[in-house]
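One file, model.csv, is given below (CSV, C-alpha atoms).
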```csv
chain,number,residue,atom,x,y,z
A,1,MET,CA,72.8,-59.9,42.8
A,2,SER,CA,71.3,-57.9,45.6
A,3,ALA,CA,71.5,-54.8,43.4
A,4,GLN,CA,69.4,-56.6,40.7
A,5,LEU,CA,66.9,-57.9,43.2
A,6,THR,CA,66.2,-54.5,44.7
A,7,GLY,CA,66.3,-52.7,41.5
A,8,HIS,CA,68.8,-50.0,42.7
A,9,HIS,CA,72.3,-49.3,41.5
A,10,PRO,CA,74.9,-49.5,44.4
A,11,ASP,CA,75.9,-45.9,43.8
A,12,GLN,CA,72.3,-44.6,43.8
A,13,ALA,CA,70.8,-43.6,47.1
A,14,PRO,CA,67.1,-44.3,47.7
A,15,GLU,CA,64.8,-41.5,46.6
A,16,HIS,CA,64.3,-38.8,49.3
A,17,ALA,CA,67.1,-40.3,51.4
A,18,PRO,CA,69.1,-37.0,51.6
A,19,GLU,CA,65.9,-35.1,52.7
A,20,HIS,CA,65.2,-37.7,55.4
A,21,ALA,CA,68.8,-37.6,56.6
A,22,ALA,CA,68.7,-33.9,56.8
A,23,ASP,CA,65.4,-33.9,58.7
A,24,ASN,CA,66.6,-36.5,61.1
A,25,ARG,CA,70.0,-34.8,61.8
A,26,GLN,CA,70.2,-33.7,65.4
A,27,ARG,CA,70.2,-29.9,65.8
A,28,PRO,CA,71.2,-27.9,68.8
A,29,PRO,CA,68.4,-26.2,70.8
A,30,LEU,CA,67.4,-22.7,69.8
A,31,PHE,CA,68.5,-21.4,73.1
A,32,ALA,CA,72.0,-22.7,72.6
A,33,VAL,CA,72.2,-21.1,69.2
A,34,ILE,CA,71.1,-17.8,70.5
A,35,THR,CA,73.5,-18.0,73.4
A,36,LEU,CA,76.4,-18.8,71.0
A,37,LEU,CA,75.6,-15.9,68.7
A,38,THR,CA,75.3,-13.5,71.6
A,39,ALA,CA,78.7,-14.7,72.9
A,40,LEU,CA,80.3,-14.2,69.5
A,41,LEU,CA,78.8,-10.7,69.2
A,42,THR,CA,80.1,-9.8,72.6
A,43,VAL,CA,83.6,-11.0,71.8
A,44,LEU,CA,83.6,-8.9,68.6
A,45,LEU,CA,82.5,-5.8,70.5
A,46,ILE,CA,85.2,-6.3,73.2
A,47,ALA,CA,87.9,-7.0,70.6
A,48,PHE,CA,87.3,-3.8,68.6
A,49,ALA,CA,85.9,-1.4,71.2
A,50,TRP,CA,88.0,-2.2,74.3
A,51,PRO,CA,91.4,-1.0,72.8
A,52,ALA,CA,89.7,2.1,71.4
A,53,ALA,CA,87.9,3.0,74.6
A,54,HIS,CA,91.1,2.7,76.6
A,55,SER,CA,93.4,4.5,74.1
A,56,GLU,CA,95.7,7.0,75.9
A,57,PRO,CA,99.4,7.7,75.9
A,58,ARG,CA,101.6,5.2,77.7
A,59,ASP,CA,105.3,5.9,77.6
A,60,VAL,CA,105.1,7.6,74.3
A,61,PRO,CA,108.7,8.5,73.4
A,62,LEU,CA,109.4,12.3,73.0
A,63,ALA,CA,112.5,14.4,72.6
A,64,VAL,CA,113.1,17.6,74.6
A,65,VAL,CA,115.5,20.4,73.7
A,66,GLY,CA,116.4,22.9,76.4
A,67,PRO,CA,118.3,23.5,79.7
A,68,GLU,CA,118.1,20.8,82.3
A,69,PRO,CA,115.9,22.7,84.8
A,70,ALA,CA,113.4,23.5,82.0
A,71,VAL,CA,113.4,19.9,80.9
A,72,ALA,CA,112.7,18.8,84.4
A,73,GLN,CA,109.9,21.3,84.7
A,74,VAL,CA,108.3,20.1,81.5
A,75,ALA,CA,108.6,16.5,82.6
A,76,LYS,CA,106.9,17.3,85.8
A,77,GLY,CA,104.1,19.1,84.0
A,78,LEU,CA,103.5,16.3,81.5
A,79,GLU,CA,103.4,13.7,84.3
A,80,GLN,CA,100.8,15.8,86.1
A,81,ALA,CA,98.7,16.2,83.0
A,82,MET,CA,99.0,12.6,81.8
A,83,PRO,CA,100.6,10.3,84.4
A,84,GLY,CA,102.9,7.7,82.7
A,85,GLY,CA,102.0,9.1,79.3
A,86,PHE,CA,105.4,10.1,78.0
A,87,GLU,CA,109.0,8.9,78.0
A,88,LEU,CA,111.3,11.9,77.6
A,89,SER,CA,114.8,12.0,76.2
A,90,ALA,CA,117.0,15.1,76.1
A,91,VAL,CA,118.7,16.1,72.8
A,92,PRO,CA,121.1,19.0,72.3
A,93,ASP,CA,119.2,21.0,69.6
A,94,ARG,CA,116.3,21.2,67.3
A,95,ALA,CA,118.1,19.5,64.4
A,96,ALA,CA,118.8,16.5,66.6
A,97,ALA,CA,115.2,16.4,67.6
A,98,VAL,CA,114.0,16.4,64.0
A,99,GLN,CA,116.5,13.7,63.2
A,100,LYS,CA,115.1,11.4,65.9
A,101,ILE,CA,111.6,12.0,64.6
A,102,GLU,CA,112.6,11.1,61.1
A,103,ASP,CA,114.4,8.0,62.3
A,104,ARG,CA,111.2,7.0,64.2
A,105,ASP,CA,112.9,7.0,67.5
A,106,VAL,CA,110.4,9.5,68.9
A,107,TYR,CA,106.9,10.6,68.0
A,108,GLY,CA,107.6,14.3,68.5
A,109,ALA,CA,109.7,16.8,70.3
A,110,ILE,CA,109.4,19.9,72.5
A,111,VAL,CA,111.8,22.8,71.9
A,112,LEU,CA,112.1,24.9,75.1
A,113,ASP,CA,113.2,28.2,73.6
A,114,PRO,CA,112.2,31.1,75.9
A,115,GLN,CA,111.7,33.4,72.9
A,116,SER,CA,110.0,31.0,70.5
A,117,PRO,CA,108.9,27.6,72.1
A,118,GLU,CA,108.0,25.0,69.6
A,119,VAL,CA,106.4,21.6,69.5
A,120,LEU,CA,107.4,19.2,66.7
A,121,THR,CA,105.0,16.5,65.6
A,122,ALA,CA,104.8,13.8,63.0
A,123,SER,CA,101.2,13.2,62.0
A,124,ALA,CA,102.4,10.5,59.5
A,125,GLY,CA,103.8,8.5,62.4
A,126,SER,CA,100.6,8.8,64.5
A,127,PRO,CA,97.8,11.4,63.9
A,128,ALA,CA,96.5,10.6,67.4
A,129,VAL,CA,99.8,11.5,69.1
A,130,ALA,CA,100.3,14.6,67.0
A,131,GLN,CA,96.8,15.8,68.1
A,132,ILE,CA,97.7,15.3,71.7
A,133,LEU,CA,100.9,17.2,71.4
A,134,THR,CA,99.1,20.0,69.6
A,135,GLN,CA,96.7,20.3,72.5
A,136,LEU,CA,99.5,20.3,75.0
A,137,SER,CA,101.3,23.0,73.2
A,138,SER,CA,98.9,25.6,74.4
A,139,ARG,CA,99.7,24.7,78.1
A,140,MET,CA,103.4,25.0,77.8
A,141,SER,CA,103.7,28.8,77.8
A,142,PRO,CA,100.4,30.7,78.2
A,143,GLU,CA,102.2,34.0,77.6
A,144,THR,CA,104.1,32.8,74.5
A,145,PRO,CA,102.1,30.1,72.7
A,146,ALA,CA,104.3,27.4,71.3
A,147,LYS,CA,104.5,27.1,67.6
A,148,VAL,CA,103.5,23.6,66.2
A,149,THR,CA,105.4,22.2,63.3
A,150,ASP,CA,104.5,19.0,61.6
A,151,VAL,CA,107.9,17.6,60.6
A,152,VAL,CA,106.5,14.5,58.8
A,153,PRO,CA,103.0,15.4,57.7
A,154,LEU,CA,100.4,13.1,56.2
A,155,PRO,CA,99.6,13.6,52.4
A,156,ALA,CA,97.6,16.6,51.4
A,157,ASP,CA,95.0,14.3,49.8
A,158,ASP,CA,94.5,12.5,53.1
A,159,PRO,CA,95.4,14.8,55.9
A,160,ARG,CA,93.7,12.7,58.6
A,161,GLY,CA,95.1,9.3,57.5
A,162,ALA,CA,91.6,7.9,57.0
A,163,GLY,CA,92.6,5.8,53.9
A,164,LEU,CA,95.5,4.1,55.7
A,165,ALA,CA,93.3,3.4,58.8
A,166,ALA,CA,90.5,2.0,56.6
A,167,GLY,CA,92.9,-0.2,54.7
A,168,ALA,CA,93.8,-2.3,57.8
A,169,LEU,CA,90.6,-4.4,57.7
A,170,PRO,CA,90.8,-5.3,53.9
A,171,LEU,CA,94.4,-6.3,54.5
A,172,VAL,CA,93.5,-8.8,57.2
A,173,LEU,CA,90.4,-10.0,55.4
A,174,GLY,CA,92.4,-10.5,52.2
A,175,GLY,CA,94.6,-13.1,53.9
A,176,ILE,CA,91.6,-14.8,55.6
A,177,ILE,CA,89.4,-14.9,52.6
A,178,ALA,CA,92.2,-16.2,50.4
A,179,ALA,CA,92.9,-19.1,52.8
A,180,GLY,CA,89.2,-19.9,53.1
A,181,ALA,CA,88.5,-19.8,49.3
A,182,LEU,CA,91.6,-21.8,48.4
A,183,THR,CA,90.8,-24.6,50.8
A,184,GLN,CA,87.3,-24.9,49.3
A,185,LEU,CA,88.1,-24.4,45.6
A,186,VAL,CA,91.6,-25.9,45.2
A,187,LYS,CA,92.3,-29.6,46.0
A,188,SER,CA,96.1,-29.8,45.7
A,189,GLY,CA,98.0,-28.4,48.6
A,190,SER,CA,100.9,-27.1,46.5
A,191,ARG,CA,98.4,-25.3,44.2
A,192,ARG,CA,96.8,-23.7,47.3
A,193,MET,CA,100.2,-22.4,48.4
A,194,ALA,CA,100.9,-21.1,44.9
A,195,GLY,CA,97.5,-19.5,44.8
A,196,ALA,CA,98.1,-17.8,48.2
A,197,ILE,CA,101.4,-16.3,47.1
A,198,GLY,CA,100.0,-15.3,43.7
A,199,PHE,CA,97.0,-13.6,45.3
A,200,ALA,CA,99.3,-11.8,47.9
A,201,ILE,CA,101.3,-10.3,45.0
A,202,THR,CA,98.3,-9.2,43.0
A,203,GLY,CA,96.4,-8.0,46.1
A,204,GLY,CA,99.4,-6.0,47.3
A,205,LEU,CA,99.8,-4.3,43.9
A,206,ALA,CA,96.0,-3.5,43.8
A,207,LEU,CA,95.7,-2.2,47.4
A,208,ALA,CA,98.8,-0.1,47.1
A,209,ALA,CA,97.6,1.3,43.8
A,210,VAL,CA,94.2,2.3,45.2
A,211,LEU,CA,95.7,3.8,48.4
A,212,GLN,CA,98.6,5.6,46.7
A,213,TYR,CA,97.3,6.7,43.3
A,214,TRP,CA,93.6,7.0,43.9
A,215,LEU,CA,93.0,8.0,47.5
A,216,GLY,CA,96.4,9.6,48.0
A,217,SER,CA,97.0,8.0,51.4
A,218,PHE,CA,100.5,6.7,50.6
A,219,GLU,CA,103.7,8.4,49.6
A,220,GLY,CA,107.2,7.0,48.9
A,221,SER,CA,107.9,3.9,46.8
A,222,TYR,CA,104.8,2.3,45.3
A,223,TRP,CA,106.7,-1.0,45.0
A,224,GLY,CA,107.9,-0.8,48.6
A,225,ASN,CA,104.3,-0.2,49.8
A,226,ALA,CA,102.9,-3.0,47.7
A,227,GLY,CA,105.7,-5.3,48.9
A,228,VAL,CA,104.7,-4.8,52.6
A,229,ILE,CA,101.0,-5.4,51.9
A,230,ALA,CA,101.9,-8.5,49.9
A,231,MET,CA,104.1,-9.9,52.7
A,232,SER,CA,101.3,-9.3,55.2
A,233,ILE,CA,98.6,-11.1,53.0
A,234,ALA,CA,101.0,-14.0,52.3
A,235,ALA,CA,101.9,-14.3,56.0
A,236,ILE,CA,98.3,-14.5,57.0
A,237,SER,CA,97.0,-16.8,54.2
A,238,LEU,CA,99.9,-19.2,54.3
A,239,THR,CA,99.7,-19.5,58.1
A,240,LEU,CA,95.9,-20.2,57.9
A,241,LEU,CA,96.4,-22.7,55.0
A,242,GLY,CA,99.0,-24.6,57.1
A,243,LEU,CA,96.7,-24.7,60.1
A,244,GLU,CA,93.8,-26.0,58.0
A,245,TRP,CA,96.1,-28.6,56.5
A,246,LEU,CA,97.1,-29.9,59.9
A,247,LEU,CA,94.0,-29.3,62.0
A,248,GLY,CA,91.2,-29.1,59.5
A,249,THR,CA,88.4,-26.5,59.7
A,250,ALA,CA,89.2,-25.9,63.4
A,251,GLY,CA,92.7,-24.8,62.6
A,252,LEU,CA,91.5,-22.4,59.9
A,253,ALA,CA,88.9,-20.9,62.3
A,254,LEU,CA,91.4,-20.5,65.1
A,255,GLY,CA,93.9,-18.7,62.9
A,256,ALA,CA,91.3,-16.4,61.4
A,257,ALA,CA,90.0,-15.6,64.9
A,258,VAL,CA,93.5,-14.6,66.1
A,259,MET,CA,94.2,-12.4,63.1
A,260,MET,CA,90.8,-10.7,63.2
A,261,LEU,CA,90.0,-10.5,66.9
A,262,LEU,CA,93.6,-9.8,68.1
A,263,GLY,CA,95.7,-8.8,65.2
A,264,ASN,CA,93.4,-6.1,63.7
A,265,PRO,CA,92.3,-4.3,66.9
A,266,LEU,CA,95.8,-4.4,68.3
A,267,SER,CA,97.6,-3.2,65.2
A,268,GLY,CA,97.8,0.4,66.4
A,269,LEU,CA,97.2,1.6,62.9
A,270,THR,CA,94.5,4.2,63.9
A,271,SER,CA,96.5,5.5,66.9
A,272,ALA,CA,99.9,4.0,68.0
A,273,PRO,CA,101.0,0.9,69.8
A,274,GLU,CA,102.0,3.0,72.8
A,275,MET,CA,98.4,4.2,73.1
A,276,LEU,CA,96.9,0.8,73.5
A,277,PRO,CA,96.4,-0.9,76.9
A,278,SER,CA,99.7,-1.9,78.5
A,279,GLY,CA,101.2,-4.9,77.0
A,280,TRP,CA,98.6,-5.3,74.3
A,281,GLY,CA,100.3,-2.9,71.9
A,282,ALA,CA,103.5,-4.9,72.1
A,283,LEU,CA,101.5,-8.1,71.4
A,284,GLY,CA,99.9,-6.5,68.4
A,285,GLN,CA,103.3,-5.6,66.9
A,286,LEU,CA,104.1,-9.3,66.9
A,287,LEU,CA,101.1,-10.2,64.7
A,288,PRO,CA,101.0,-9.6,61.0
A,289,PRO,CA,98.5,-6.7,61.0
A,290,GLY,CA,100.5,-4.7,63.6
A,291,ALA,CA,103.8,-5.4,61.9
A,292,ALA,CA,102.4,-4.5,58.5
A,293,SER,CA,100.9,-1.2,59.8
A,294,THR,CA,104.2,0.0,61.3
A,295,ALA,CA,106.2,-1.1,58.3
A,296,LEU,CA,103.8,0.7,56.0
A,297,ARG,CA,104.1,4.0,57.8
A,298,SER,CA,107.9,3.6,57.9
A,299,VAL,CA,108.2,2.7,54.2
A,300,SER,CA,105.6,5.3,53.0
A,301,PHE,CA,106.5,8.3,55.1
A,302,PHE,CA,109.9,7.8,56.7
A,303,ASP,CA,112.1,6.4,53.9
A,304,GLY,CA,112.1,3.0,55.6
A,305,ALA,CA,113.3,4.2,59.0
A,306,GLY,CA,112.0,1.8,61.7
A,307,ALA,CA,110.8,-0.8,59.2
A,308,ALA,CA,113.5,-3.5,60.0
A,309,GLY,CA,111.8,-4.9,63.1
A,310,PRO,CA,108.3,-5.2,61.6
A,311,LEU,CA,109.6,-6.7,58.4
A,312,VAL,CA,111.5,-9.3,60.4
A,313,VAL,CA,108.2,-10.2,62.2
A,314,LEU,CA,106.4,-10.5,58.8
A,315,GLY,CA,109.2,-12.7,57.5
A,316,CYS,CA,108.9,-15.0,60.6
A,317,TRP,CA,105.2,-15.4,60.0
A,318,LEU,CA,105.9,-16.2,56.3
A,319,LEU,CA,108.4,-18.8,57.4
A,320,ALA,CA,106.0,-20.2,60.0
A,321,GLY,CA,103.2,-20.4,57.3
A,322,LEU,CA,105.5,-22.3,54.9
A,323,THR,CA,106.6,-24.6,57.7
A,324,LEU,CA,103.0,-25.4,58.7
A,325,CYS,CA,102.2,-26.1,55.0
A,326,GLY,CA,105.3,-28.4,54.8
A,327,LEU,CA,104.2,-30.3,57.9
A,328,GLY,CA,100.7,-30.6,56.5
A,329,ALA,CA,102.1,-32.1,53.3
A,330,LEU,CA,104.1,-34.6,55.2
A,331,ARG,CA,101.1,-35.6,57.2
A,332,SER,CA,99.0,-36.0,54.0
A,333,GLN,CA,101.7,-38.3,52.5
A,334,ARG,CA,101.7,-40.5,55.6
A,335,VAL,CA,97.9,-40.9,55.4
A,336,VAL,CA,97.8,-41.5,51.7
A,337,GLN,CA,100.7,-43.9,51.3
A,338,PRO,CA,99.3,-46.8,53.3
A,339,ARG,CA,96.1,-46.6,51.2
A,340,HIS,CA,98.1,-47.0,48.0
A,341,GLU,CA,100.1,-49.9,49.5
A,342,ALA,CA,97.0,-51.8,50.6
A,343,LYS,CA,96.0,-54.5,48.1
A,344,PRO,CA,92.4,-54.7,47.0
A,345,VAL,CA,90.4,-57.6,48.2
A,346,THR,CA,89.0,-59.8,45.5
A,347,VAL,CA,85.9,-62.0,45.8
```
Translate the structure described by the file into structure tokens.
Amino acid sequence: MSAQLTGHHPDQAPEHAPEHAADNRQRPPLFAVITLLTALLTVLLIAFAWPAAHSEPRDVPLAVVGPEPAVAQVAKGLEQAMPGGFELSAVPDRAAAVQKIEDRDVYGAIVLDPQSPEVLTASAGSPAVAQILTQLSSRMSPETPAKVTDVVPLPADDPRGAGLAAGALPLVLGGIIAAGALTQLVKSGSRRMAGAIGFAITGGLALAAVLQYWLGSFEGSYWGNAGVIAMSIAAISLTLLGLEWLLGTAGLALGAAVMMLLGNPLSGLTSAPEMLPSGWGALGQLLPPGAASTALRSVSFFDGAGAAGPLVVLGCWLLAGLTLCGLGALRSQRVVQPRHEAKPVTV
């Protein structure tokens, strides 16, 4: 009866009510907004610039071929040039050094031959480390300059590895954007999960095709490269979906911040994990972007050598994401079930 007396339908809000509600909504002071934006900008700068600014060799594994006195002399010289920069391991001959490089046990090797000294690098493993070893080669023997041999080079179409380095950010953003879009556009939790997995597959195929066939930044198996990218996107997106399912928007924001502000800068894709500040490189390898970058280099350039550990990390994140989604589904059932059981009140 009240609806008839007032002339308004119960589902109709009074005219201009949304505008008045928006006008009356309490907003934070302008100073607080400026302070928050400045803090966010500073955090972004620190996250991306700090690892790059402090990038230098830290216990980078190298192999050395030569007599024991010569190896000791080289170790002393390297320690003086870059304290704590390299971790040397002696090998019997050049072939053994090459094998360790191809197995991704070391980033390079020094062959101490009095007649023809040689420095072995692997720019596909880390262009930054390869460049440092090339620079050090001129100091080894001023009278007989050391020959530099790139055992596992980068592709001729992308000799600096720019495409692979640039692909790190889209890989992370792909997982974050997928989770954000699915939470906004898809209502069903199971359909969100299916969407995340489907997008990971198509995104992996697309990114691998661009990097391998268009830019020439990848080698090896296209399906292997696409599989690693798909695992990484799925690991990120499913984890964020699960966090949003359990914690709401705060969970999604927290997960995205970890992947973007920690995972991407600490991935070591543009240098090497051993060149990041102590401890941070190891942390980066435990996050999906870092694990994906190492696995991609291994699968693309080293026939899968050294990919087992990173793939296990990605698998664990995938499992964690599925577990979080499962917990979110259980929580939703507990919330919805009492509502269905409640009997409507009749007047």
Dig up all the protein and nucleic acid residues within 7 Å of (115.4, 24.6, 77.5) in the file frame, using all atoms listed in the file, and format them as a ChimeraX atom specification.
/A:65-68,70-71,111-113
For A:Gly125: contacts at 9 Å, only C-alpha atoms, fewer than 3 positions along chain excluded, given as a ChimeraX atom specification:
/A:101,104,107,121-122,129-130,152-154,272,294,297-298,301-302
Considering all atoms listed in the file, state which residue in the set A:Met140, A:Leu182, A:Ala168, A:Leu37 is at the smallest distance from A:Glu244.
A:Leu182
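Excluding A:Leu287 itself and same-chain residues fewer than 5 positions from it, the residues having an atom within 10 Å of it are Ser232, Ala235, Ile236, Val258, Met259, Leu262, Gly263, Asn264, Leu266, Ser267, Ala282, Ala292, Pro310, Val313, Leu314 and Trp317 of chain A, counting all atoms listed in the file.
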Any chance you could tabulate, as a Markdown table, the residues of stretch 71-159 of chain A at most 12 Å from stretch 61-64 of chain A with each one's nearest atom pair and distance in Å to one decimal, using all atoms listed in the file, in chain and rising number order?
```
| residue | atom | partner | partner_atom | distance |
| --- | --- | --- | --- | --- |
| A:Val71 | CA | A:Val64 | CA | 6.7 |
| A:Ala72 | CA | A:Val64 | CA | 9.9 |
| A:Gln73 | CA | A:Val64 | CA | 11.2 |
| A:Val74 | CA | A:Val64 | CA | 8.8 |
| A:Ala75 | CA | A:Val64 | CA | 9.2 |
| A:Leu78 | CA | A:Leu62 | CA | 11.1 |
| A:Gly84 | CA | A:Pro61 | CA | 11.0 |
| A:Gly85 | CA | A:Pro61 | CA | 8.9 |
| A:Phe86 | CA | A:Pro61 | CA | 5.9 |
| A:Glu87 | CA | A:Pro61 | CA | 4.6 |
| A:Leu88 | CA | A:Leu62 | CA | 5.0 |
| A:Ser89 | CA | A:Ala63 | CA | 4.9 |
| A:Ala90 | CA | A:Val64 | CA | 4.9 |
| A:Val91 | CA | A:Val64 | CA | 6.1 |
| A:Pro92 | CA | A:Val64 | CA | 8.4 |
| A:Asp93 | CA | A:Val64 | CA | 8.6 |
| A:Arg94 | CA | A:Val64 | CA | 8.7 |
| A:Ala95 | CA | A:Ala63 | CA | 11.2 |
| A:Ala96 | CA | A:Ala63 | CA | 8.9 |
| A:Ala97 | CA | A:Ala63 | CA | 6.0 |
| A:Val98 | CA | A:Ala63 | CA | 9.0 |
| A:Gln99 | CA | A:Ala63 | CA | 10.2 |
| A:Lys100 | CA | A:Ala63 | CA | 7.8 |
| A:Ile101 | CA | A:Ala63 | CA | 8.4 |
| A:Glu102 | CA | A:Ala63 | CA | 12.0 |
| A:Arg104 | CA | A:Pro61 | CA | 9.7 |
| A:Asp105 | CA | A:Pro61 | CA | 7.4 |
| A:Val106 | CA | A:Pro61 | CA | 4.9 |
| A:Tyr107 | CA | A:Leu62 | CA | 5.8 |
| A:Gly108 | CA | A:Leu62 | CA | 5.2 |
| A:Ala109 | CA | A:Ala63 | CA | 4.3 |
| A:Ile110 | CA | A:Val64 | CA | 4.8 |
| A:Val111 | CA | A:Val64 | CA | 6.0 |
| A:Leu112 | CA | A:Val64 | CA | 7.4 |
| A:Asp113 | CA | A:Val64 | CA | 10.6 |
| A:Pro117 | CA | A:Val64 | CA | 11.1 |
| A:Glu118 | CA | A:Val64 | CA | 10.3 |
| A:Val119 | CA | A:Val64 | CA | 9.3 |
| A:Leu120 | CA | A:Ala63 | CA | 9.2 |
| A:Thr121 | CA | A:Leu62 | CA | 9.6 |
| A:Ala122 | CA | A:Leu62 | CA | 11.1 |
| A:Val129 | CA | A:Pro61 | CA | 10.3 |
| A:Ala130 | CA | A:Leu62 | CA | 11.1 |
| A:Leu133 | CA | A:Leu62 | CA | 9.9 |
```
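One finds atom CA of A:Val228 at 8.9 Å from atom CA of A:Ser293.
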Let me make sure I understand: among A:Leu243, A:Ala162, A:Met275, A:Ile233, which one has the smallest atom-to-atom distance to A:Asp59 if we use all atoms listed in the file?
A:Met275
Could you check which of A:Gly284, A:Pro273, A:Gly224, A:Gly203 is closest to A:Leu261, using all atoms listed in the file?
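Checking each candidate against A:Leu261, we get A:Gly284 as the closest.
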My list of candidates is A:Val60, A:Ala81, A:Ala253, A:Val299. Which is closest to A:Leu240 when distances are computed with all atoms listed in the file?
A:Ala253
Have a look at atom CA of A:Asp150 and atom CA of A:Leu136 and let me know their distance in Å, one decimal.
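About the pair atom CA of A:Asp150 and atom CA of A:Leu136: they are 14.4 Å apart.
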One-decimal distance in Å that lies between atom CA of A:Ala165 and atom CA of A:Phe218
11.4 Å
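Candidate residues A:Pro289, A:Gly309, A:Gly180, A:Gly220 were compared for distance to A:Gly248, and the nearest is A:Gly180, using all atoms listed in the file.
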Could you give me, as an mmCIF file with C-alpha atoms, in the coordinates of the input, the residues that sit within 10 Å of (104.6, -12.1, 51.2) in the file's coordinates, counting all atoms listed in the file?
```cif
data_model
loop_
_atom_site.group_PDB
_atom_site.id
_atom_site.type_symbol
_atom_site.label_atom_id
_atom_site.label_comp_id
_atom_site.auth_asym_id
_atom_site.auth_seq_id
_atom_site.Cartn_x
_atom_site.Cartn_y
_atom_site.Cartn_z
ATOM 1 C CA ALA A 196 98.100 -17.800 48.200
ATOM 2 C CA ILE A 197 101.400 -16.300 47.100
ATOM 3 C CA GLY A 198 100.000 -15.300 43.700
ATOM 4 C CA PHE A 199 97.000 -13.600 45.300
ATOM 5 C CA ALA A 200 99.300 -11.800 47.900
ATOM 6 C CA ILE A 201 101.300 -10.300 45.000
ATOM 7 C CA GLY A 204 99.400 -6.000 47.300
ATOM 8 C CA ALA A 226 102.900 -3.000 47.700
ATOM 9 C CA GLY A 227 105.700 -5.300 48.900
ATOM 10 C CA VAL A 228 104.700 -4.800 52.600
ATOM 11 C CA ILE A 229 101.000 -5.400 51.900
ATOM 12 C CA ALA A 230 101.900 -8.500 49.900
ATOM 13 C CA MET A 231 104.100 -9.900 52.700
ATOM 14 C CA SER A 232 101.300 -9.300 55.200
ATOM 15 C CA ILE A 233 98.600 -11.100 53.000
ATOM 16 C CA ALA A 234 101.000 -14.000 52.300
ATOM 17 C CA ALA A 235 101.900 -14.300 56.000
ATOM 18 C CA ILE A 236 98.300 -14.500 57.000
ATOM 19 C CA SER A 237 97.000 -16.800 54.200
ATOM 20 C CA LEU A 238 99.900 -19.200 54.300
ATOM 21 C CA LEU A 314 106.400 -10.500 58.800
ATOM 22 C CA GLY A 315 109.200 -12.700 57.500
ATOM 23 C CA TRP A 317 105.200 -15.400 60.000
ATOM 24 C CA LEU A 318 105.900 -16.200 56.300
ATOM 25 C CA LEU A 319 108.400 -18.800 57.400
#
```
Could you check which of A:Leu283, A:Leu276, A:Leu322, A:Leu311 is closest to A:Leu241, using all atoms listed in the file?
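Closest candidate: A:Leu322.
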Within 9 Å of A:Gly326 using all atoms listed in the file, minus same-chain residues under 5 positions, as a PyMOL selection string:
chain A and resi 242+321+331
Write out as a list in words each polymer residue whose atoms come within 12 Å of A:Ser188, counting all atoms listed in the file; drop sequence neighbours fewer than 6 positions from it.
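So the residues in contact are Leu182, Ala194, Gly195, Leu241, Trp245, Cys325, Gly328, Ala329 and Ser332 of chain A.
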Fill-in result for stretch 184-195 of chain A, N, CA and C atoms as a PDB file, in the coordinates of the input:
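Wrote selection-v7.pdb, looks like this:
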```
ATOM      1  N   GLN A 184      88.560 -24.385  49.839  1.00  0.00           N
ATOM      2  CA  GLN A 184      87.300 -24.900  49.300  1.00  0.00           C
ATOM      3  C   GLN A 184      87.353 -25.165  47.810  1.00  0.00           C
ATOM      4  N   LEU A 185      88.134 -24.382  47.083  1.00  0.00           N
ATOM      5  CA  LEU A 185      88.100 -24.400  45.600  1.00  0.00           C
ATOM      6  C   LEU A 185      89.275 -25.160  44.991  1.00  0.00           C
ATOM      7  N   VAL A 186      90.364 -25.314  45.725  1.00  0.00           N
ATOM      8  CA  VAL A 186      91.600 -25.900  45.200  1.00  0.00           C
ATOM      9  C   VAL A 186      91.892 -27.178  45.965  1.00  0.00           C
ATOM     10  N   LYS A 187      92.056 -28.301  45.285  1.00  0.00           N
ATOM     11  CA  LYS A 187      92.300 -29.600  46.000  1.00  0.00           C
ATOM     12  C   LYS A 187      93.732 -29.789  46.341  1.00  0.00           C
ATOM     13  N   SER A 188      94.652 -29.495  45.434  1.00  0.00           N
ATOM     14  CA  SER A 188      96.100 -29.800  45.700  1.00  0.00           C
ATOM     15  C   SER A 188      96.659 -28.762  46.667  1.00  0.00           C
ATOM     16  N   GLY A 189      97.404 -29.280  47.633  1.00  0.00           N
ATOM     17  CA  GLY A 189      98.000 -28.400  48.600  1.00  0.00           C
ATOM     18  C   GLY A 189      99.058 -27.487  48.026  1.00  0.00           C
ATOM     19  N   SER A 190      99.866 -27.989  47.100  1.00  0.00           N
ATOM     20  CA  SER A 190     100.900 -27.100  46.500  1.00  0.00           C
ATOM     21  C   SER A 190     100.252 -26.038  45.655  1.00  0.00           C
ATOM     22  N   ARG A 191      99.132 -26.345  44.998  1.00  0.00           N
ATOM     23  CA  ARG A 191      98.400 -25.300  44.200  1.00  0.00           C
ATOM     24  C   ARG A 191      97.787 -24.284  45.138  1.00  0.00           C
ATOM     25  N   ARG A 192      97.362 -24.704  46.312  1.00  0.00           N
ATOM     26  CA  ARG A 192      96.800 -23.700  47.300  1.00  0.00           C
ATOM     27  C   ARG A 192      97.930 -22.747  47.701  1.00  0.00           C
ATOM     28  N   MET A 193      99.121 -23.269  47.981  1.00  0.00           N
ATOM     29  CA  MET A 193     100.200 -22.400  48.400  1.00  0.00           C
ATOM     30  C   MET A 193     100.581 -21.438  47.242  1.00  0.00           C
ATOM     31  N   ALA A 194     100.644 -21.965  46.015  1.00  0.00           N
ATOM     32  CA  ALA A 194     100.900 -21.100  44.900  1.00  0.00           C
ATOM     33  C   ALA A 194      99.848 -20.039  44.701  1.00  0.00           C
ATOM     34  N   GLY A 195      98.598 -20.438  44.920  1.00  0.00           N
ATOM     35  CA  GLY A 195      97.500 -19.500  44.800  1.00  0.00           C
ATOM     36  C   GLY A 195      97.595 -18.390  45.883  1.00  0.00           C
TER      37      GLY A 195
END
```
